[in-house]
>>> print(open('data-v4.cif').read())   # mmCIF, C-alpha atoms and all ligand atoms
data_query
loop_
_atom_site.group_PDB
_atom_site.id
_atom_site.type_symbol
_atom_site.label_atom_id
_atom_site.label_comp_id
_atom_site.auth_asym_id
_atom_site.auth_seq_id
_atom_site.Cartn_x
_atom_site.Cartn_y
_atom_site.Cartn_z
ATOM 1 C CA MET A 1 15.165 7.675 1.495
ATOM 2 C CA THR A 2 12.277 5.377 2.272
ATOM 3 C CA LEU A 3 8.724 6.141 1.179
ATOM 4 C CA ASP A 4 5.611 4.492 2.601
ATOM 5 C CA LEU A 5 7.694 2.263 4.857
ATOM 6 C CA GLY A 6 10.515 2.467 7.373
ATOM 7 C CA ILE A 7 8.798 3.626 10.561
ATOM 8 C CA GLY A 8 8.739 0.038 11.861
ATOM 9 C CA ASN A 9 12.125 -1.044 10.483
ATOM 10 C CA ILE A 10 14.386 -0.511 13.478
ATOM 11 C CA THR A 11 16.736 -3.406 12.651
ATOM 12 C CA GLU A 12 16.982 -2.610 8.943
ATOM 13 C CA VAL A 13 17.840 1.046 9.639
ATOM 14 C CA ASP A 14 20.570 -0.077 12.059
ATOM 15 C CA VAL A 15 22.035 -2.293 9.329
ATOM 16 C CA ALA A 16 21.827 0.544 6.774
ATOM 17 C CA ASN A 17 23.597 2.880 9.210
ATOM 18 C CA GLU A 18 26.361 0.322 9.730
ATOM 19 C CA MET A 19 26.797 0.111 5.959
ATOM 20 C CA GLY A 20 27.292 3.878 5.835
ATOM 21 C CA PHE A 21 23.894 5.009 4.559
ATOM 22 C CA GLU A 22 22.220 8.102 5.882
ATOM 23 C CA VAL A 23 18.561 7.156 6.226
ATOM 24 C CA ILE A 24 15.569 9.471 5.796
ATOM 25 C CA ILE A 25 12.134 7.994 6.464
ATOM 26 C CA ILE A 26 8.979 9.470 4.912
ATOM 27 C CA ASP A 27 6.109 7.342 6.142
ATOM 28 C CA HIS A 28 2.471 7.547 7.203
ATOM 29 C CA HIS A 29 2.191 4.228 9.032
ATOM 30 C CA GLU A 30 1.664 3.663 12.734
ATOM 31 C CA PRO A 31 4.914 3.744 14.712
ATOM 32 C CA LEU A 32 5.591 0.532 16.675
ATOM 33 C CA ALA A 33 7.501 0.403 19.948
ATOM 34 C CA GLY A 34 10.601 2.622 19.567
ATOM 35 C CA SER A 35 11.754 4.580 16.530
ATOM 36 C CA PRO A 36 14.406 3.686 13.956
ATOM 37 C CA ALA A 37 17.765 5.500 14.183
ATOM 38 C CA ALA A 38 17.216 7.495 10.973
ATOM 39 C CA SER A 39 18.604 11.029 10.632
ATOM 40 C CA ILE A 40 15.210 12.413 9.624
ATOM 41 C CA ILE A 41 11.787 10.866 10.173
ATOM 42 C CA VAL A 42 8.694 12.473 8.655
ATOM 43 C CA ASP A 43 5.534 10.686 9.807
ATOM 44 C CA PRO A 44 2.445 12.547 11.022
ATOM 45 C CA LYS A 45 1.508 9.532 13.157
ATOM 46 C CA GLN A 46 4.554 9.921 15.415
ATOM 47 C CA GLU A 47 3.472 10.687 18.936
ATOM 48 C CA ASP A 48 4.944 14.205 19.155
ATOM 49 C CA ASP A 49 4.212 15.217 15.568
ATOM 50 C CA PRO A 50 2.305 18.518 15.487
ATOM 51 C CA TYR A 51 0.824 18.192 11.974
ATOM 52 C CA PRO A 52 -2.935 18.534 12.497
ATOM 53 C CA PHE A 53 -4.154 16.048 9.856
ATOM 54 C CA LYS A 54 -3.145 12.434 10.474
ATOM 55 C CA GLY A 55 -5.002 10.794 7.585
ATOM 56 C CA LEU A 56 -2.612 11.510 4.698
ATOM 57 C CA ALA A 57 -1.540 8.785 2.303
ATOM 58 C CA ASP A 58 2.233 8.637 2.042
ATOM 59 C CA VAL A 59 2.014 10.478 -1.267
ATOM 60 C CA GLY A 60 0.337 13.307 0.666
ATOM 61 C CA VAL A 61 3.209 13.372 3.163
ATOM 62 C CA ALA A 62 5.677 13.491 0.251
ATOM 63 C CA TYR A 63 3.674 16.276 -1.422
ATOM 64 C CA ASN A 64 3.714 18.389 1.754
ATOM 65 C CA LEU A 65 7.433 17.800 2.050
ATOM 66 C CA CYS A 66 7.964 19.034 -1.537
ATOM 67 C CA LEU A 67 5.997 22.214 -0.765
ATOM 68 C CA GLU A 68 8.059 22.697 2.368
ATOM 69 C CA ILE A 69 11.370 22.235 0.541
ATOM 70 C CA LEU A 70 10.530 24.323 -2.532
ATOM 71 C CA GLY A 71 8.638 27.030 -0.666
ATOM 72 C CA LYS A 72 7.727 30.000 -2.847
ATOM 73 C CA ASP A 73 9.910 28.737 -5.688
ATOM 74 C CA ILE A 74 7.321 26.238 -6.806
ATOM 75 C CA SER A 75 5.715 27.196 -10.118
ATOM 76 C CA LYS A 76 2.007 26.708 -10.765
ATOM 77 C CA ASN A 77 2.772 24.032 -13.372
ATOM 78 C CA LEU A 78 5.080 22.070 -11.109
ATOM 79 C CA ASN A 79 2.567 22.249 -8.282
ATOM 80 C CA ASN A 80 -0.168 20.961 -10.618
ATOM 81 C CA SER A 81 2.118 18.180 -11.760
ATOM 82 C CA PHE A 82 2.725 17.116 -8.146
ATOM 83 C CA LEU A 83 -0.976 17.406 -7.371
ATOM 84 C CA GLU A 84 -1.957 15.050 -10.209
ATOM 85 C CA LEU A 85 0.343 12.375 -8.814
ATOM 86 C CA ALA A 86 -0.696 13.055 -5.227
ATOM 87 C CA ALA A 87 -4.373 12.816 -6.186
ATOM 88 C CA LEU A 88 -3.935 9.446 -7.906
ATOM 89 C CA GLY A 89 -1.886 8.107 -5.012
ATOM 90 C CA THR A 90 -4.365 9.360 -2.431
ATOM 91 C CA ILE A 91 -7.288 7.730 -4.254
ATOM 92 C CA SER A 92 -5.458 4.444 -4.718
ATOM 93 C CA ASP A 93 -4.333 4.270 -1.081
ATOM 94 C CA MET A 94 -8.036 4.346 -0.094
ATOM 95 C CA VAL A 95 -7.507 6.760 2.781
ATOM 96 C CA PRO A 96 -10.600 8.731 3.869
ATOM 97 C CA GLN A 97 -11.359 11.449 1.324
ATOM 98 C CA VAL A 98 -11.592 14.241 3.895
ATOM 99 C CA GLU A 99 -9.691 17.418 4.823
ATOM 100 C CA GLN A 100 -6.364 17.744 2.970
ATOM 101 C CA ASN A 101 -6.914 14.442 1.156
ATOM 102 C CA GLN A 102 -10.082 15.820 -0.364
ATOM 103 C CA GLU A 103 -8.315 19.030 -1.322
ATOM 104 C CA ILE A 104 -5.453 17.152 -3.009
ATOM 105 C CA ILE A 105 -7.889 14.973 -4.958
ATOM 106 C CA GLU A 106 -10.017 17.907 -6.098
ATOM 107 C CA LEU A 107 -7.122 20.077 -7.261
ATOM 108 C CA GLY A 108 -5.209 17.146 -8.742
ATOM 109 C CA LEU A 109 -8.136 15.876 -10.790
ATOM 110 C CA ARG A 110 -8.879 19.392 -12.038
ATOM 111 C CA SER A 111 -5.342 19.553 -13.411
ATOM 112 C CA PHE A 112 -5.506 15.958 -14.656
ATOM 113 C CA LYS A 113 -8.212 16.843 -17.220
ATOM 114 C CA ASN A 114 -5.670 18.967 -19.093
ATOM 115 C CA THR A 115 -2.604 17.005 -18.083
ATOM 116 C CA PHE A 116 0.693 17.752 -19.810
ATOM 117 C CA ARG A 117 2.120 14.380 -18.748
ATOM 118 C CA PRO A 118 2.613 12.092 -21.783
ATOM 119 C CA ALA A 119 1.972 8.998 -19.621
ATOM 120 C CA PHE A 120 -1.522 10.149 -18.603
ATOM 121 C CA LYS A 121 -2.242 11.418 -22.125
ATOM 122 C CA ALA A 122 -1.316 7.942 -23.371
ATOM 123 C CA PHE A 123 -3.709 6.211 -20.954
ATOM 124 C CA LEU A 124 -6.521 8.614 -21.816
ATOM 125 C CA ASP A 125 -5.846 8.104 -25.512
ATOM 126 C CA ILE A 126 -6.016 4.304 -25.246
ATOM 127 C CA LEU A 127 -8.997 4.230 -22.885
ATOM 128 C CA GLY A 128 -11.280 6.962 -24.194
ATOM 129 C CA ASP A 129 -10.066 8.954 -27.207
ATOM 130 C CA GLY A 130 -8.058 11.262 -24.983
ATOM 131 C CA LYS A 131 -10.930 12.282 -22.725
ATOM 132 C CA VAL A 132 -11.456 11.637 -19.016
ATOM 133 C CA PHE A 133 -14.555 9.535 -18.374
ATOM 134 C CA GLU A 134 -16.212 7.892 -15.370
ATOM 135 C CA GLY A 135 -14.085 4.723 -15.305
ATOM 136 C CA SER A 136 -10.763 6.040 -16.573
ATOM 137 C CA LEU A 137 -9.196 6.731 -13.172
ATOM 138 C CA PRO A 138 -9.727 3.293 -11.611
ATOM 139 C CA LYS A 139 -8.384 1.719 -14.819
ATOM 140 C CA ILE A 140 -5.271 3.909 -14.790
ATOM 141 C CA ILE A 141 -4.696 3.304 -11.091
ATOM 142 C CA SER A 142 -4.954 -0.483 -11.397
ATOM 143 C CA ALA A 143 -2.680 -0.453 -14.434
ATOM 144 C CA LEU A 144 -0.032 1.557 -12.568
ATOM 145 C CA ASN A 145 -0.429 -0.852 -9.645
ATOM 146 C CA ALA A 146 0.133 -3.869 -11.887
ATOM 147 C CA ALA A 147 3.667 -2.673 -12.648
ATOM 148 C CA GLU A 148 6.657 -4.684 -11.562
ATOM 149 C CA SER A 149 10.234 -3.711 -10.890
ATOM 150 C CA LEU A 150 12.831 -4.232 -13.600
ATOM 151 C CA ASP A 151 16.370 -4.017 -12.218
ATOM 152 C CA PHE A 152 14.959 -2.286 -9.134
ATOM 153 C CA ILE A 153 13.211 0.381 -11.225
ATOM 154 C CA ASN A 154 9.435 0.318 -11.209
ATOM 155 C CA GLU A 155 7.775 0.238 -14.635
ATOM 156 C CA SER A 156 5.200 2.809 -13.529
ATOM 157 C CA TYR A 157 7.980 5.188 -12.622
ATOM 158 C CA LEU A 158 9.552 4.712 -16.055
ATOM 159 C CA LEU A 159 6.196 5.397 -17.668
ATOM 160 C CA LEU A 160 5.385 8.464 -15.581
ATOM 161 C CA VAL A 161 8.718 10.139 -16.396
ATOM 162 C CA CYS A 162 8.821 9.114 -20.079
ATOM 163 C CA PRO A 163 8.706 12.208 -22.340
ATOM 164 C CA SER A 164 7.673 10.445 -25.579
ATOM 165 C CA PHE A 165 3.941 10.051 -26.157
ATOM 166 C CA GLU A 166 4.440 7.135 -28.564
ATOM 167 C CA LYS A 167 6.669 5.277 -26.149
ATOM 168 C CA CYS A 168 4.226 6.012 -23.322
ATOM 169 C CA LYS A 169 1.435 4.457 -25.349
ATOM 170 C CA GLU A 170 3.386 1.220 -25.684
ATOM 171 C CA MET A 171 4.226 1.125 -21.995
ATOM 172 C CA ALA A 172 0.688 2.043 -20.911
ATOM 173 C CA GLN A 173 -0.772 -0.678 -23.114
ATOM 174 C CA ARG A 174 1.651 -3.185 -21.618
ATOM 175 C CA LEU A 175 0.533 -2.248 -18.104
ATOM 176 C CA LEU A 176 -3.157 -2.481 -19.030
ATOM 177 C CA ASP A 177 -2.520 -5.992 -20.405
ATOM 178 C CA LYS A 178 -0.527 -6.920 -17.328
ATOM 179 C CA ASN A 179 -3.384 -5.782 -15.120
ATOM 180 C CA ARG A 180 -5.835 -7.969 -17.005
ATOM 181 C CA ALA A 181 -3.569 -11.007 -16.499
ATOM 182 C CA LYS A 182 -3.193 -10.085 -12.827
ATOM 183 C CA GLN A 183 -6.976 -10.029 -12.343
ATOM 184 C CA VAL A 184 -7.167 -13.594 -13.652
ATOM 185 C CA GLN A 185 -4.440 -14.746 -11.247
ATOM 186 C CA VAL A 186 -6.157 -13.003 -8.327
ATOM 187 C CA LYS A 187 -9.423 -14.738 -9.172
ATOM 188 C CA ASN A 188 -7.695 -18.136 -9.207
ATOM 189 C CA ILE A 189 -6.064 -17.573 -5.814
ATOM 190 C CA ILE A 190 -9.378 -16.413 -4.324
ATOM 191 C CA ALA A 191 -11.037 -19.593 -5.578
ATOM 192 C CA GLU A 192 -8.307 -21.677 -3.929
ATOM 193 C CA VAL A 193 -8.603 -19.776 -0.623
ATOM 194 C CA GLU A 194 -12.380 -20.258 -0.658
ATOM 195 C CA ARG A 195 -11.987 -23.975 -1.311
ATOM 196 C CA ARG A 196 -9.674 -24.265 1.719
ATOM 197 C CA ILE A 197 -11.752 -22.181 4.146
ATOM 198 C CA SER A 198 -14.946 -24.052 3.311
ATOM 199 C CA GLN A 199 -13.377 -26.898 5.367
ATOM 200 C CA LYS A 200 -13.113 -24.687 8.473
ATOM 201 C CA PRO A 201 -15.979 -22.182 8.547
ATOM 202 C CA ASP A 202 -15.775 -21.447 12.295
ATOM 203 C CA GLU A 203 -12.257 -19.979 12.482
ATOM 204 C CA PRO A 204 -12.306 -16.296 13.532
ATOM 205 C CA ILE A 205 -9.671 -15.399 10.913
ATOM 206 C CA ILE A 206 -8.675 -16.477 7.434
ATOM 207 C CA PHE A 207 -4.991 -17.436 7.298
ATOM 208 C CA GLU A 208 -3.817 -18.992 4.040
ATOM 209 C CA GLY A 209 -0.596 -19.159 2.056
ATOM 210 C CA ASP A 210 1.090 -21.025 -0.762
ATOM 211 C CA PRO A 211 4.484 -21.183 -2.478
ATOM 212 C CA ALA A 212 2.778 -20.648 -5.839
ATOM 213 C CA TRP A 213 1.045 -17.378 -4.938
ATOM 214 C CA LYS A 214 2.684 -14.104 -5.942
ATOM 215 C CA LEU A 215 3.322 -11.795 -3.013
ATOM 216 C CA THR A 216 2.303 -8.796 -5.120
ATOM 217 C CA LEU A 217 -1.227 -10.240 -5.374
ATOM 218 C CA ALA A 218 -1.663 -10.974 -1.670
ATOM 219 C CA GLY A 219 -3.134 -7.542 -0.890
ATOM 220 C CA SER A 220 -5.831 -7.770 -3.574
ATOM 221 C CA VAL A 221 -6.738 -11.294 -2.515
ATOM 222 C CA ALA A 222 -6.881 -10.365 1.180
ATOM 223 C CA SER A 223 -9.103 -7.333 0.422
ATOM 224 C CA THR A 224 -11.671 -9.339 -1.492
ATOM 225 C CA ILE A 225 -11.703 -12.195 1.015
ATOM 226 C CA CYS A 226 -11.952 -9.831 4.003
ATOM 227 C CA ASN A 227 -14.867 -7.909 2.466
ATOM 228 C CA LYS A 228 -16.738 -11.035 1.480
ATOM 229 C CA TYR A 229 -16.369 -12.994 4.748
ATOM 230 C CA GLU A 230 -16.057 -10.010 7.125
ATOM 231 C CA LYS A 231 -13.119 -11.655 8.879
ATOM 232 C CA PRO A 232 -9.478 -10.602 9.228
ATOM 233 C CA ALA A 233 -7.665 -12.057 6.200
ATOM 234 C CA PHE A 234 -3.955 -12.990 6.318
ATOM 235 C CA ILE A 235 -2.743 -14.052 2.862
ATOM 236 C CA TYR A 236 0.912 -14.946 2.357
ATOM 237 C CA LYS A 237 3.477 -16.253 -0.052
ATOM 238 C CA LYS A 238 5.416 -19.154 1.379
ATOM 239 C CA MET A 239 9.083 -19.037 0.404
ATOM 240 C CA ASP A 240 11.945 -21.449 1.254
ATOM 241 C CA LYS A 241 12.457 -20.425 4.855
ATOM 242 C CA GLU A 242 10.164 -17.461 5.375
ATOM 243 C CA SER A 243 6.695 -16.325 4.486
ATOM 244 C CA CYS A 244 5.580 -12.839 3.642
ATOM 245 C CA GLY A 245 2.016 -11.656 3.566
ATOM 246 C CA SER A 246 -0.658 -8.975 3.400
ATOM 247 C CA VAL A 247 -3.424 -8.411 5.917
ATOM 248 C CA ARG A 248 -6.851 -6.803 5.579
ATOM 249 C CA ASN A 249 -9.182 -6.318 8.523
ATOM 250 C CA PRO A 250 -12.877 -5.438 8.829
ATOM 251 C CA LYS A 251 -13.662 -2.059 10.432
ATOM 252 C CA GLY A 252 -13.611 -2.226 14.222
ATOM 253 C CA THR A 253 -10.757 -4.740 14.421
ATOM 254 C CA ASN A 254 -7.065 -3.871 14.435
ATOM 255 C CA SER A 255 -4.481 -5.989 12.612
ATOM 256 C CA VAL A 256 -1.504 -4.052 14.011
ATOM 257 C CA ASP A 257 -2.698 -4.584 17.609
ATOM 258 C CA ALA A 258 -3.170 -8.273 16.834
ATOM 259 C CA MET A 259 0.359 -8.624 15.478
ATOM 260 C CA LYS A 260 1.808 -6.614 18.364
ATOM 261 C CA GLU A 261 0.313 -9.266 20.616
ATOM 262 C CA CYS A 262 1.912 -12.038 18.522
ATOM 263 C CA ASP A 263 5.179 -10.310 17.616
ATOM 264 C CA SER A 264 7.367 -12.910 19.326
ATOM 265 C CA PHE A 265 6.664 -15.158 16.308
ATOM 266 C CA LEU A 266 7.294 -12.456 13.701
ATOM 267 C CA MET A 267 10.381 -11.125 11.925
ATOM 268 C CA THR A 268 8.776 -7.822 10.891
ATOM 269 C CA TYR A 269 5.293 -6.418 10.588
ATOM 270 C CA GLY A 270 3.561 -3.075 10.328
ATOM 271 C CA GLY A 271 0.921 -0.958 8.668
ATOM 272 C CA HIS A 272 -2.532 0.273 9.545
ATOM 273 C CA ALA A 273 -5.409 -1.135 11.579
ATOM 274 C CA GLN A 274 -7.251 -2.169 8.416
ATOM 275 C CA ALA A 275 -4.312 -2.965 6.099
ATOM 276 C CA SER A 276 -0.876 -4.245 7.023
ATOM 277 C CA GLY A 277 1.837 -6.769 6.269
ATOM 278 C CA PHE A 278 4.132 -9.277 7.950
ATOM 279 C CA ARG A 279 7.172 -11.526 7.520
ATOM 280 C CA VAL A 280 7.521 -14.719 9.510
ATOM 281 C CA LYS A 281 9.870 -17.728 9.665
ATOM 282 C CA ASN A 282 8.054 -20.790 8.308
ATOM 283 C CA GLU A 283 8.636 -22.756 11.521
ATOM 284 C CA HIS A 284 6.568 -20.091 13.351
ATOM 285 C CA LEU A 285 3.631 -19.998 10.945
ATOM 286 C CA GLU A 286 1.469 -22.315 12.967
ATOM 287 C CA LYS A 287 2.122 -20.598 16.293
ATOM 288 C CA PHE A 288 1.501 -17.211 14.688
ATOM 289 C CA GLU A 289 -1.822 -18.397 13.291
ATOM 290 C CA GLY A 290 -2.812 -19.846 16.675
ATOM 291 C CA CYS A 291 -1.924 -16.605 18.447
ATOM 292 C CA LEU A 292 -3.979 -14.558 15.960
ATOM 293 C CA ASN A 293 -6.962 -16.858 16.303
ATOM 294 C CA LYS A 294 -6.794 -16.452 20.054
ATOM 295 C CA PHE A 295 -6.493 -12.662 19.791
ATOM 296 C CA PHE A 296 -9.478 -12.289 17.487
ATOM 297 C CA LYS A 297 -11.579 -14.742 19.481
ATOM 298 C CA ASN A 298 -11.108 -12.451 22.506
ATOM 299 C CA ASN A 299 -11.261 -9.139 20.632
ATOM 300 C CA SER A 300 -13.958 -9.582 18.016
ATOM 301 C CA GLY A 301 -14.948 -5.988 17.420
ATOM 302 C CA GLY A 302 -13.830 -5.036 20.926
ATOM 303 C CA ASN A 303 -11.214 -2.646 19.582
ATOM 304 C CA ALA A 304 -13.708 -0.391 17.862
ATOM 305 C CA GLU A 305 -14.005 1.946 20.841
ATOM 306 C CA LYS A 306 -10.266 2.152 21.330
ATOM 307 C CA LYS A 307 -9.445 3.840 18.014
HETATM 308 MN MN MN B 1 0.853 3.303 2.885
#
>>> encode(input="data-v4.cif", output="structure tokens")
Amino acid sequence: MTLDLGIGNITEVDVANEMGFEVIIIDHHEPLAGSPAASIIVDPKQEDDPYPFKGLADVGVAYNLCLEILGKDISKNLNNSFLELAALGTISDMVPQVEQNQEIIELGLRSFKNTFRPAFKAFLDILGDGKVFEGSLPKIISALNAAESLDFINESYLLLVCPSFEKCKEMAQRLLDKNRAKQVQVKNIIAEVERRISQKPDEPIIFEGDPAWKLTLAGSVASTICNKYEKPAFIYKKMDKESCGSVRNPKGTNSVDAMKECDSFLMTYGGHAQASGFRVKNEHLEKFEGCLNKFFKNNSGGNAEKK
């Protein structure tokens, strides 16, 4: 079962099928050309999908699916528990806070104030004597985002399902510390990107990568750089043979359209107009960058009307 990805992974789903997996995709990203051969695909952005609201974060899609599966059997407490998670996920995915997103956030945060979940109690205890205050949510969200996977299990998951308050406090503190360290690393990468782009101020995009940069930080770096310079920002980690990166685009430009245009150089890509990702063979990096520069030279802001 894939969450928040899969709609663009035609090849990977074929491989999974060959290996004997049954694949279910629960995604909210834009479909590319063709759909993967999964047995079930839930994605409101599919062309023939009748769901009226297309702006859900993937956590919102998952929440709706839970309601659909559990039907009337869902208890008030379980629903509140889901809503707390859906609210946090919806806020952190930075989707527009309208329609069902707004509803999820409102109901989820109402429940959050009296949360039963030891993990959230632990955060609130560390951050503000157990009470919710103005800045507690962003702090909790960034801490959960700073988690890494240990043996393929995400630390945030382990924290969110941990029943012991004392243990949760240790884990929450560790994530808060990790987030602080991450902020320092992000700042250092941004400084390096800015040093490099000062040499070439006239390029229509910012396209920078390095073997030393952590892929998990690429999104944060790209966001800051894109906001500051108001240019599409492609930030990647260069590995032995391939590079993998995150993209952030100013409003009115479309990163997925740009990569569609340049997809002959790419291994995979996908996401949203304003935030997406890609994987590319290192020998194609230069051609990919050239193609993007050409696309954005010809389409600076021109896509605003299209969407
Ligand atoms: Mn997403």
>>> atom_distance(input="data-v4.cif", atom1="atom CA of A:Glu103", atom2="atom CA of A:Pro50")
19.9 Å
>>> residues_around(input="data-v4.cif", residues="A:Phe295", least_positions_apart="2", cutoff="12 Å", atoms="all atoms listed in the file", output="PDB file with C-alpha atoms, in the frame of the given file")
ATOM      1  CA  GLU A 203     -12.257 -19.979  12.482  1.00  0.00           C
ATOM      2  CA  PRO A 204     -12.306 -16.296  13.532  1.00  0.00           C
ATOM      3  CA  ILE A 205      -9.671 -15.399  10.913  1.00  0.00           C
ATOM      4  CA  PRO A 232      -9.478 -10.602   9.228  1.00  0.00           C
ATOM      5  CA  THR A 253     -10.757  -4.740  14.421  1.00  0.00           C
ATOM      6  CA  ASN A 254      -7.065  -3.871  14.435  1.00  0.00           C
ATOM      7  CA  SER A 255      -4.481  -5.989  12.612  1.00  0.00           C
ATOM      8  CA  VAL A 256      -1.504  -4.052  14.011  1.00  0.00           C
ATOM      9  CA  ASP A 257      -2.698  -4.584  17.609  1.00  0.00           C
ATOM     10  CA  ALA A 258      -3.170  -8.273  16.834  1.00  0.00           C
ATOM     11  CA  MET A 259       0.359  -8.624  15.478  1.00  0.00           C
ATOM     12  CA  LYS A 260       1.808  -6.614  18.364  1.00  0.00           C
ATOM     13  CA  GLU A 261       0.313  -9.266  20.616  1.00  0.00           C
ATOM     14  CA  CYS A 262       1.912 -12.038  18.522  1.00  0.00           C
ATOM     15  CA  PHE A 288       1.501 -17.211  14.688  1.00  0.00           C
ATOM     16  CA  GLU A 289      -1.822 -18.397  13.291  1.00  0.00           C
ATOM     17  CA  GLY A 290      -2.812 -19.846  16.675  1.00  0.00           C
ATOM     18  CA  CYS A 291      -1.924 -16.605  18.447  1.00  0.00           C
ATOM     19  CA  LEU A 292      -3.979 -14.558  15.960  1.00  0.00           C
ATOM     20  CA  ASN A 293      -6.962 -16.858  16.303  1.00  0.00           C
ATOM     21  CA  LYS A 297     -11.579 -14.742  19.481  1.00  0.00           C
ATOM     22  CA  ASN A 298     -11.108 -12.451  22.506  1.00  0.00           C
ATOM     23  CA  ASN A 299     -11.261  -9.139  20.632  1.00  0.00           C
ATOM     24  CA  SER A 300     -13.958  -9.582  18.016  1.00  0.00           C
ATOM     25  CA  GLY A 301     -14.948  -5.988  17.420  1.00  0.00           C
ATOM     26  CA  GLY A 302     -13.830  -5.036  20.926  1.00  0.00           C
ATOM     27  CA  ASN A 303     -11.214  -2.646  19.582  1.00  0.00           C
TER      28      ASN A 303
END
>>> atom_distance(input="data-v4.cif", atom1="atom CA of A:Val59", atom2="atom CA of A:Leu85")
8.0 Å
>>> closest_atom_pairs(input="data-v4.cif", of="chain A", to="ligand MN 1 (chain B)", cutoff="9 Å", atoms="all atoms listed in the file", output="Markdown table")
| residue | atom | partner | partner_atom | distance |
| --- | --- | --- | --- | --- |
| A:Leu3 | CA | B:MN1 | MN | 8.5 |
| A:Asp4 | CA | B:MN1 | MN | 4.9 |
| A:Leu5 | CA | B:MN1 | MN | 7.2 |
| A:Asp27 | CA | B:MN1 | MN | 7.4 |
| A:His28 | CA | B:MN1 | MN | 6.3 |
| A:His29 | CA | B:MN1 | MN | 6.4 |
| A:Ala57 | CA | B:MN1 | MN | 6.0 |
| A:Asp58 | CA | B:MN1 | MN | 5.6 |
| A:Val59 | CA | B:MN1 | MN | 8.4 |
| A:Asp93 | CA | B:MN1 | MN | 6.6 |
| A:Gly271 | CA | B:MN1 | MN | 7.2 |
| A:His272 | CA | B:MN1 | MN | 8.1 |
| A:Ala275 | CA | B:MN1 | MN | 8.7 |
| A:Ser276 | CA | B:MN1 | MN | 8.8 |
>>> residues_near_point(input="data-v4.cif", point="(-7.0, 1.6, -10.1)", cutoff="12 Å", atoms="only C-alpha atoms", output="list in words")
Leu88, Gly89, Thr90, Ile91, Ser92, Asp93, Met94, Gly135, Ser136, Leu137, Pro138, Lys139, Ile140, Ile141, Ser142, Ala143, Leu144, Asn145, Ala146, Ala147, Leu175, Leu176, Asn179, Arg180, Gln183 and Ser220 of chain A
>>> atom_distance(input="data-v4.cif", atom1="atom CA of A:Ala37", atom2="atom CA of A:Asp263")
20.5 Å
>>> resolve_selection(input="data-v4.cif", expression="the PyMOL selection byres (((chain A and resi 242) around 12) and not hetatm)", output="list in words")
Gly209, Asp210, Pro211, Tyr236, Lys237, Lys238, Met239, Asp240, Lys241, Ser243, Cys244, Gly245, Phe265, Leu266, Met267, Thr268, Phe278, Arg279, Val280, Lys281, Asn282, Glu283, His284 and Leu285 of chain A
>>> write_last_selection(input="data-v4.cif", atoms="C-alpha atoms", output="PDB file, keeping the file's coordinate frame")
ATOM      1  CA  GLY A 209      -0.596 -19.159   2.056  1.00  0.00           C
ATOM      2  CA  ASP A 210       1.090 -21.025  -0.762  1.00  0.00           C
ATOM      3  CA  PRO A 211       4.484 -21.183  -2.478  1.00  0.00           C
ATOM      4  CA  TYR A 236       0.912 -14.946   2.357  1.00  0.00           C
ATOM      5  CA  LYS A 237       3.477 -16.253  -0.052  1.00  0.00           C
ATOM      6  CA  LYS A 238       5.416 -19.154   1.379  1.00  0.00           C
ATOM      7  CA  MET A 239       9.083 -19.037   0.404  1.00  0.00           C
ATOM      8  CA  ASP A 240      11.945 -21.449   1.254  1.00  0.00           C
ATOM      9  CA  LYS A 241      12.457 -20.425   4.855  1.00  0.00           C
ATOM     10  CA  SER A 243       6.695 -16.325   4.486  1.00  0.00           C
ATOM     11  CA  CYS A 244       5.580 -12.839   3.642  1.00  0.00           C
ATOM     12  CA  GLY A 245       2.016 -11.656   3.566  1.00  0.00           C
ATOM     13  CA  PHE A 265       6.664 -15.158  16.308  1.00  0.00           C
ATOM     14  CA  LEU A 266       7.294 -12.456  13.701  1.00  0.00           C
ATOM     15  CA  MET A 267      10.381 -11.125  11.925  1.00  0.00           C
ATOM     16  CA  THR A 268       8.776  -7.822  10.891  1.00  0.00           C
ATOM     17  CA  PHE A 278       4.132  -9.277   7.950  1.00  0.00           C
ATOM     18  CA  ARG A 279       7.172 -11.526   7.520  1.00  0.00           C
ATOM     19  CA  VAL A 280       7.521 -14.719   9.510  1.00  0.00           C
ATOM     20  CA  LYS A 281       9.870 -17.728   9.665  1.00  0.00           C
ATOM     21  CA  ASN A 282       8.054 -20.790   8.308  1.00  0.00           C
ATOM     22  CA  GLU A 283       8.636 -22.756  11.521  1.00  0.00           C
ATOM     23  CA  HIS A 284       6.568 -20.091  13.351  1.00  0.00           C
ATOM     24  CA  LEU A 285       3.631 -19.998  10.945  1.00  0.00           C
TER      25      LEU A 285
END
>>> residues_around(input="data-v4.cif", residues="stretch 247-251 of chain A", least_positions_apart="3", cutoff="8 Å", atoms="only C-alpha atoms", output="list in words")
Gly219, Ala222, Ser223, Cys226, Asn227, Glu230, Lys231, Pro232, Ala233, Phe234, Ile235, Asn254, Ser255, Ala273, Gln274, Ala275, Ser276, Gly277, Phe278 and Ala304 of chain A
>>> closest_residue(input="data-v4.cif", among="A:Cys162, A:Ala38, A:Ile153, A:Cys168", to="A:Val15", atoms="only C-alpha atoms")
A:Ala38
>>> closest_residue(input="data-v4.cif", among="A:Phe116, A:Phe123, A:Phe21, A:Phe207", to="A:Met171", atoms="all atoms listed in the file")
A:Phe123
>>> resolve_selection(input="data-v4.cif", expression="the PyMOL selection byres (((chain A and resi 33) around 12) and not hetatm)", output="list of chain:residue names")
A:Ile7, A:Gly8, A:Asn9, A:Ile10, A:Glu30, A:Pro31, A:Leu32, A:Gly34, A:Ser35, A:Pro36, A:Gln46, A:Glu47, A:Val256, A:Asp257, A:Lys260, A:Asp263, A:Tyr269, A:Gly270
>>> residues_around(input="data-v4.cif", residues="A:Lys182", least_positions_apart="4", cutoff="8 Å", atoms="only C-alpha atoms", output="list of chain:residue names")
A:Ala146, A:Lys178, A:Val186, A:Leu217
